[in-house]
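Data file: protein.cif. Format and content: mmCIF, C-alpha atoms.
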data_model
#
loop_
_atom_site.label_atom_id
_atom_site.label_comp_id
_atom_site.auth_asym_id
_atom_site.auth_seq_id
_atom_site.Cartn_x
_atom_site.Cartn_y
_atom_site.Cartn_z
CA ASP V 1 0.00 0.00 0.00
CA ALA V 2 1.22 3.48 -0.81
CA LYS V 3 2.23 5.40 2.27
CA THR V 4 0.86 8.66 3.63
CA THR V 5 2.57 11.19 5.89
CA GLN V 6 0.64 13.44 8.26
CA PRO V 7 1.68 15.74 11.11
CA ASN V 8 1.30 14.06 14.48
CA SER V 9 -0.79 16.84 15.95
CA MET V 10 -2.40 20.19 15.16
CA GLU V 11 -4.31 22.79 17.12
CA SER V 12 -6.98 25.18 15.94
CA ASN V 13 -9.29 27.72 17.49
CA GLU V 14 -12.97 27.02 17.62
CA GLU V 15 -15.02 28.44 14.73
CA GLU V 16 -11.95 28.90 12.54
CA PRO V 17 -11.06 26.90 9.42
CA VAL V 18 -8.67 23.98 9.78
CA HIS V 19 -6.39 22.66 7.05
CA LEU V 20 -5.09 19.14 7.66
CA PRO V 21 -2.30 18.18 5.24
CA CYS V 22 -1.38 14.75 3.91
CA ASN V 23 1.57 13.81 1.73
CA HIS V 24 1.37 10.75 -0.50
CA SER V 25 4.21 11.06 -2.98
CA THR V 26 4.05 7.39 -4.07
CA ILE V 27 0.34 7.44 -4.90
CA SER V 28 -0.61 5.36 -7.92
CA GLY V 29 -3.07 6.32 -10.62
CA THR V 30 -5.76 4.04 -9.24
CA ASP V 31 -5.49 5.14 -5.60
CA TYR V 32 -8.36 7.08 -4.11
CA ILE V 33 -7.65 9.40 -1.18
CA HIS V 34 -9.90 8.69 1.79
CA TRP V 35 -10.18 10.52 5.09
CA TYR V 36 -11.57 8.97 8.22
CA ARG V 37 -11.62 10.38 11.72
CA GLN V 38 -11.84 8.81 15.13
CA LEU V 39 -13.54 10.78 17.88
CA PRO V 40 -12.54 9.95 21.46
CA SER V 41 -13.84 6.55 22.61
CA GLN V 42 -15.51 5.84 19.27
CA GLY V 43 -14.86 3.85 16.14
CA PRO V 44 -13.52 5.60 13.05
CA GLU V 45 -15.98 7.38 10.78
CA TYR V 46 -15.79 8.24 7.13
CA VAL V 47 -15.23 11.90 6.30
CA ILE V 48 -14.63 12.25 2.57
CA HIS V 49 -12.82 10.75 -0.40
CA GLY V 50 -11.62 11.84 -3.84
CA LEU V 51 -9.52 10.88 -6.84
CA THR V 52 -8.38 13.97 -8.74
CA SER V 53 -10.90 16.76 -8.35
CA ASN V 54 -11.62 18.71 -5.21
CA VAL V 55 -14.61 17.38 -3.30
CA ASN V 56 -17.11 18.89 -0.89
CA ASN V 57 -19.62 17.30 1.42
CA ARG V 58 -21.52 18.34 4.51
CA MET V 59 -18.61 17.51 6.79
CA ALA V 60 -15.57 18.84 4.97
CA SER V 61 -13.78 19.66 1.73
CA LEU V 62 -10.91 17.79 0.15
CA ALA V 63 -8.38 19.68 -1.90
CA ILE V 64 -6.14 17.48 -4.06
CA ALA V 65 -2.92 18.77 -5.59
CA GLU V 66 -2.65 18.67 -9.35
CA ASP V 67 0.12 16.04 -9.21
CA ARG V 68 -1.89 14.14 -6.57
CA LYS V 69 1.16 13.85 -4.33
CA SER V 70 -0.55 15.71 -1.53
CA SER V 71 -4.01 16.61 -0.33
CA THR V 72 -5.62 18.78 2.33
CA LEU V 73 -8.70 18.12 4.38
CA ILE V 74 -10.49 21.36 5.15
CA LEU V 75 -12.91 21.82 8.02
CA HIS V 76 -14.52 25.13 7.28
CA ARG V 77 -15.52 26.08 10.79
CA ALA V 78 -14.12 23.84 13.50
CA THR V 79 -16.22 23.01 16.52
CA LEU V 80 -15.25 21.25 19.73
CA ARG V 81 -16.89 18.14 18.32
CA ASP V 82 -14.28 18.04 15.55
CA ALA V 83 -11.52 17.16 18.03
CA ALA V 84 -10.38 13.76 16.82
CA VAL V 85 -7.60 11.81 15.15
CA TYR V 86 -7.80 12.31 11.38
CA TYR V 87 -6.49 9.58 9.10
CA CYS V 88 -5.54 10.05 5.45
CA ILE V 89 -5.71 6.69 3.67
CA LEU V 90 -5.00 5.60 0.12
CA ARG V 91 -7.06 2.80 -1.32
CA ASP V 92 -7.16 1.49 -4.88
CA ASN V 93 -10.30 0.66 -6.75
CA PHE V 94 -9.46 -2.90 -7.72
CA GLY V 95 -11.40 -4.67 -5.03
CA ASN V 96 -8.86 -4.06 -2.27
CA GLU V 97 -11.18 -2.65 0.33
CA LYS V 98 -9.15 -2.88 3.51
CA LEU V 99 -8.22 0.42 5.12
CA THR V 100 -4.58 0.84 6.09
CA PHE V 101 -4.46 3.36 8.91
CA GLY V 102 -1.32 5.32 9.68
CA THR V 103 -0.76 7.28 12.85
CA GLY V 104 -3.00 10.15 11.76
CA THR V 105 -3.16 13.73 12.99
CA ARG V 106 -4.56 14.45 16.42
CA LEU V 107 -6.59 17.66 16.10
CA THR V 108 -7.17 19.72 19.23
CA ILE V 109 -9.77 22.48 19.15
CA ILE V 110 -9.20 25.39 21.49
CA PRO V 111 -12.39 27.00 22.83
CA ASP B 1 -24.91 5.73 15.56
CA SER B 2 -23.35 3.94 12.60
CA GLY B 3 -25.87 1.07 12.60
CA VAL B 4 -23.13 -1.49 13.31
CA THR B 5 -23.49 -3.23 16.66
CA GLN B 6 -20.83 -5.08 18.57
CA THR B 7 -21.11 -7.21 21.68
CA PRO B 8 -19.89 -7.32 24.31
CA LYS B 9 -18.71 -3.79 24.94
CA HIS B 10 -16.08 -4.92 27.43
CA LEU B 11 -14.49 -8.30 28.02
CA ILE B 12 -12.03 -9.20 30.76
CA THR B 13 -10.45 -12.63 30.69
CA ALA B 14 -7.30 -14.50 31.61
CA THR B 15 -4.34 -15.63 29.56
CA GLY B 16 -4.89 -18.91 27.76
CA GLN B 17 -8.63 -18.43 27.49
CA ARG B 18 -10.82 -18.19 24.39
CA VAL B 19 -13.37 -15.46 23.64
CA THR B 20 -15.85 -14.67 20.89
CA LEU B 21 -16.63 -11.16 19.72
CA ARG B 22 -19.83 -10.59 17.80
CA CYS B 23 -20.71 -8.04 15.13
CA SER B 24 -23.98 -7.21 13.40
CA PRO B 25 -23.50 -5.15 10.24
CA ARG B 26 -25.77 -2.36 9.03
CA SER B 27 -28.93 -3.60 7.39
CA GLY B 28 -28.16 -4.50 3.77
CA ASP B 29 -24.37 -4.46 4.10
CA LEU B 30 -22.71 -7.61 2.79
CA SER B 31 -19.08 -6.93 3.76
CA VAL B 32 -17.77 -7.16 7.30
CA TYR B 33 -14.26 -6.14 8.37
CA TRP B 34 -12.42 -6.67 11.63
CA TYR B 35 -9.75 -4.29 12.91
CA GLN B 36 -7.59 -4.33 16.02
CA GLN B 37 -6.47 -1.14 17.75
CA SER B 38 -3.68 -1.34 20.27
CA LEU B 39 -1.48 1.36 21.75
CA ASP B 40 1.70 0.10 20.11
CA GLN B 41 0.35 -1.06 16.72
CA GLY B 42 -2.41 1.44 16.04
CA LEU B 43 -5.41 0.42 13.93
CA GLN B 44 -4.72 -2.74 11.96
CA PHE B 45 -6.89 -4.63 9.50
CA LEU B 46 -7.42 -8.26 10.46
CA ILE B 47 -9.86 -9.86 8.03
CA GLN B 48 -12.77 -9.18 5.66
CA TYR B 49 -15.79 -11.29 4.81
CA TYR B 50 -18.15 -10.71 1.95
CA ASN B 51 -21.50 -12.49 1.89
CA GLY B 52 -20.21 -15.37 3.97
CA GLU B 53 -16.89 -15.86 2.21
CA GLU B 54 -13.45 -14.74 3.35
CA ARG B 55 -12.34 -11.97 1.01
CA ALA B 56 -9.12 -10.52 2.39
CA LYS B 57 -6.74 -11.27 5.21
CA GLY B 58 -4.44 -8.90 7.03
CA ASN B 59 -2.16 -9.36 10.00
CA ILE B 60 -4.40 -11.87 11.71
CA LEU B 61 -2.73 -14.35 14.04
CA GLU B 62 -3.30 -18.07 13.58
CA ARG B 63 -4.86 -18.12 17.06
CA PHE B 64 -7.59 -15.84 15.71
CA SER B 65 -10.36 -16.89 13.37
CA ALA B 66 -13.53 -15.36 12.06
CA GLN B 67 -16.64 -16.28 10.18
CA GLN B 68 -19.70 -14.64 8.68
CA PHE B 69 -23.01 -16.40 9.05
CA PRO B 70 -25.94 -16.61 6.59
CA ASP B 71 -27.70 -13.76 8.40
CA LEU B 72 -24.50 -11.75 7.74
CA HIS B 73 -23.48 -11.27 11.35
CA SER B 74 -19.86 -12.07 12.05
CA GLU B 75 -17.87 -13.49 14.93
CA LEU B 76 -14.20 -13.10 15.72
CA ASN B 77 -12.77 -15.92 17.81
CA LEU B 78 -9.60 -15.32 19.79
CA SER B 79 -7.97 -18.30 21.46
CA SER B 80 -4.94 -19.02 23.66
CA LEU B 81 -5.11 -15.40 24.68
CA GLU B 82 -1.94 -13.53 25.59
CA LEU B 83 -1.45 -10.25 27.43
CA GLY B 84 -0.57 -8.61 24.12
CA ASP B 85 -4.00 -9.37 22.71
CA SER B 86 -5.49 -6.72 24.95
CA ALA B 87 -6.88 -4.14 22.56
CA LEU B 88 -9.96 -2.55 21.08
CA TYR B 89 -11.52 -4.69 18.37
CA PHE B 90 -13.63 -2.89 15.81
CA CYS B 91 -16.01 -4.32 13.32
CA ALA B 92 -16.98 -2.35 10.22
CA SER B 93 -19.42 -3.02 7.42
CA SER B 94 -19.94 -1.75 3.91
CA VAL B 95 -22.46 -2.22 1.16
CA GLY B 96 -20.53 -4.65 -0.94
CA THR B 97 -17.33 -5.13 -2.77
CA GLY B 98 -15.72 -3.69 -5.85
CA GLN B 99 -17.19 -0.25 -5.39
CA VAL B 100 -14.69 2.53 -5.13
CA TYR B 101 -16.87 4.63 -2.82
CA ASN B 102 -17.27 1.71 -0.47
CA GLU B 103 -17.49 3.67 2.73
CA GLN B 104 -16.98 1.61 5.84
CA PHE B 105 -19.17 2.10 8.89
CA PHE B 106 -17.53 1.21 12.17
CA GLY B 107 -19.10 -0.16 15.30
CA PRO B 108 -18.34 1.12 18.80
CA GLY B 109 -15.78 -1.62 19.43
CA THR B 110 -15.17 -4.32 22.01
CA ARG B 111 -12.50 -3.61 24.58
CA LEU B 112 -10.66 -6.82 25.43
CA THR B 113 -8.50 -6.97 28.54
CA VAL B 114 -6.38 -10.05 29.09
CA LEU B 115 -5.05 -10.43 32.65
#
I'd like the structure from this file rewritten - as structure tokens, please.
Amino acid sequence: DAKTTQPNSMESNEEEPVHLPCNHSTISGTDYIHWYRQLPSQGPEYVIHGLTSNVNNRMASLAIAEDRKSSTLILHRATLRDAAVYYCILRDNFGNEKLTFGTGTRLTIIP
Amino acid sequence: DSGVTQTPKHLITATGQRVTLRCSPRSGDLSVYWYQQSLDQGLQFLIQYYNGEERAKGNILERFSAQQFPDLHSELNLSSLELGDSALYFCASSVGTGQVYNEQFFGPGTRLTVL
């Protein structure tokens, strides 16, 4: 599986935008970029995914670099409930559905 | 609430024992995945079942086994337990297989403590 690199931790003020970076320089053409997050004492939950184009959903936006070697998860207005570990995961679309979690980024929201 | 249920929530047992963890996927989901989360190894994929058949295997020990029943619930059996097996065990489910937007829904986990 192609590897991803994320900062260990980040802090952000409540109600401000948060940009969570992810580097994936060895991404292959068939790899989709997925983001999951794990809130304290809960199982992981899906956030967003994309292939080449930027994506938006009700939770977040995903900005993908033109060369696809990096991406950024954007939380437009962080709340205390967004404090979690965020995982950037690459997964191909040839039936390999397992998720390979790295160490993720622990996001702290400051009230 | 993801719609995935796991029982029991907590399990405390002794070394050498055998335990069974149970997972009920979301209604309509055919794929079930098992993951282990420990402090030193992080979240690791163990095994996937799709419609009753084993589909993919990860770093699952030989002492561990799993199955998916006709009603699509799954069980993870852990035997000859060691202290190092203490971890959170998550089950996840997804609609099917071969779909690129195959979002996985995770259950709340079973916390296993081996004494």
Chain V contacts on chain B, only C-alpha atoms, 12 Å, as a PDB file with C-alpha atoms, keeping the file's coordinate frame:
ATOM      1  CA  ASP B   1     -24.910   5.730  15.560  1.00  0.00           C
ATOM      2  CA  SER B   2     -23.350   3.940  12.600  1.00  0.00           C
ATOM      3  CA  GLY B   3     -25.870   1.070  12.600  1.00  0.00           C
ATOM      4  CA  VAL B   4     -23.130  -1.490  13.310  1.00  0.00           C
ATOM      5  CA  THR B   5     -23.490  -3.230  16.660  1.00  0.00           C
ATOM      6  CA  GLN B   6     -20.830  -5.080  18.570  1.00  0.00           C
ATOM      7  CA  LYS B   9     -18.710  -3.790  24.940  1.00  0.00           C
ATOM      8  CA  SER B  31     -19.080  -6.930   3.760  1.00  0.00           C
ATOM      9  CA  VAL B  32     -17.770  -7.160   7.300  1.00  0.00           C
ATOM     10  CA  TYR B  33     -14.260  -6.140   8.370  1.00  0.00           C
ATOM     11  CA  TRP B  34     -12.420  -6.670  11.630  1.00  0.00           C
ATOM     12  CA  TYR B  35      -9.750  -4.290  12.910  1.00  0.00           C
ATOM     13  CA  GLN B  36      -7.590  -4.330  16.020  1.00  0.00           C
ATOM     14  CA  GLN B  37      -6.470  -1.140  17.750  1.00  0.00           C
ATOM     15  CA  SER B  38      -3.680  -1.340  20.270  1.00  0.00           C
ATOM     16  CA  LEU B  39      -1.480   1.360  21.750  1.00  0.00           C
ATOM     17  CA  ASP B  40       1.700   0.100  20.110  1.00  0.00           C
ATOM     18  CA  GLN B  41       0.350  -1.060  16.720  1.00  0.00           C
ATOM     19  CA  GLY B  42      -2.410   1.440  16.040  1.00  0.00           C
ATOM     20  CA  LEU B  43      -5.410   0.420  13.930  1.00  0.00           C
ATOM     21  CA  GLN B  44      -4.720  -2.740  11.960  1.00  0.00           C
ATOM     22  CA  PHE B  45      -6.890  -4.630   9.500  1.00  0.00           C
ATOM     23  CA  LEU B  46      -7.420  -8.260  10.460  1.00  0.00           C
ATOM     24  CA  ILE B  47      -9.860  -9.860   8.030  1.00  0.00           C
ATOM     25  CA  GLN B  48     -12.770  -9.180   5.660  1.00  0.00           C
ATOM     26  CA  TYR B  49     -15.790 -11.290   4.810  1.00  0.00           C
ATOM     27  CA  TYR B  50     -18.150 -10.710   1.950  1.00  0.00           C
ATOM     28  CA  ARG B  55     -12.340 -11.970   1.010  1.00  0.00           C
ATOM     29  CA  ALA B  56      -9.120 -10.520   2.390  1.00  0.00           C
ATOM     30  CA  LYS B  57      -6.740 -11.270   5.210  1.00  0.00           C
ATOM     31  CA  GLY B  58      -4.440  -8.900   7.030  1.00  0.00           C
ATOM     32  CA  ASN B  59      -2.160  -9.360  10.000  1.00  0.00           C
ATOM     33  CA  LEU B  88      -9.960  -2.550  21.080  1.00  0.00           C
ATOM     34  CA  TYR B  89     -11.520  -4.690  18.370  1.00  0.00           C
ATOM     35  CA  PHE B  90     -13.630  -2.890  15.810  1.00  0.00           C
ATOM     36  CA  CYS B  91     -16.010  -4.320  13.320  1.00  0.00           C
ATOM     37  CA  ALA B  92     -16.980  -2.350  10.220  1.00  0.00           C
ATOM     38  CA  SER B  93     -19.420  -3.020   7.420  1.00  0.00           C
ATOM     39  CA  SER B  94     -19.940  -1.750   3.910  1.00  0.00           C
ATOM     40  CA  VAL B  95     -22.460  -2.220   1.160  1.00  0.00           C
ATOM     41  CA  GLY B  96     -20.530  -4.650  -0.940  1.00  0.00           C
ATOM     42  CA  THR B  97     -17.330  -5.130  -2.770  1.00  0.00           C
ATOM     43  CA  GLY B  98     -15.720  -3.690  -5.850  1.00  0.00           C
ATOM     44  CA  GLN B  99     -17.190  -0.250  -5.390  1.00  0.00           C
ATOM     45  CA  VAL B 100     -14.690   2.530  -5.130  1.00  0.00           C
ATOM     46  CA  TYR B 101     -16.870   4.630  -2.820  1.00  0.00           C
ATOM     47  CA  ASN B 102     -17.270   1.710  -0.470  1.00  0.00           C
ATOM     48  CA  GLU B 103     -17.490   3.670   2.730  1.00  0.00           C
ATOM     49  CA  GLN B 104     -16.980   1.610   5.840  1.00  0.00           C
ATOM     50  CA  PHE B 105     -19.170   2.100   8.890  1.00  0.00           C
ATOM     51  CA  PHE B 106     -17.530   1.210  12.170  1.00  0.00           C
ATOM     52  CA  GLY B 107     -19.100  -0.160  15.300  1.00  0.00           C
ATOM     53  CA  PRO B 108     -18.340   1.120  18.800  1.00  0.00           C
ATOM     54  CA  GLY B 109     -15.780  -1.620  19.430  1.00  0.00           C
ATOM     55  CA  THR B 110     -15.170  -4.320  22.010  1.00  0.00           C
ATOM     56  CA  ARG B 111     -12.500  -3.610  24.580  1.00  0.00           C
TER      57      ARG B 111
END
Residues within 8 Å of (-13.3, 15.9, 15.1), file coords, all atoms listed in the file, listed as a list of chain:residue names: V:Arg37, V:Gln38, V:Leu39, V:Thr79, V:Leu80, V:Arg81, V:Asp82, V:Ala83, V:Ala84, V:Val85, V:Tyr86, V:Leu107
Between CA of Arg106 in chain V and CA of Asp85 in chain B, distance in Å (one decimal): 24.6 Å
CA of Tyr87 in chain V to CA of Ala87 in chain B, distance in Å rounded to a single decimal: 19.2 Å
Chain and number of each residue from the PyMOL selection byres ((chain V and resi 62) around 12), as JSON, numbers by chain: {"V": [18, 19, 20, 21, 22, 32, 33, 34, 35, 36, 47, 48, 49, 50, 51, 52, 53, 54, 55, 56, 57, 58, 59, 60, 61, 63, 64, 65, 68, 70, 71, 72, 73, 74, 75, 76, 88]}
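Nearest to Arg63 in chain B of all the residues B:Gln17, B:Thr113, B:Ser24, B:Asn51 is B:Gln17, based on only C-alpha atoms.
You will find CA of Thr108 in chain V at 28.1 Å from CA of Ile27 in chain V.
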Residues returned when the PyMOL selection byres ((chain B and resi 73) around 8) runs on this file, as an NGL selection string: :B and (22-25 or 68-72 or 74-75)
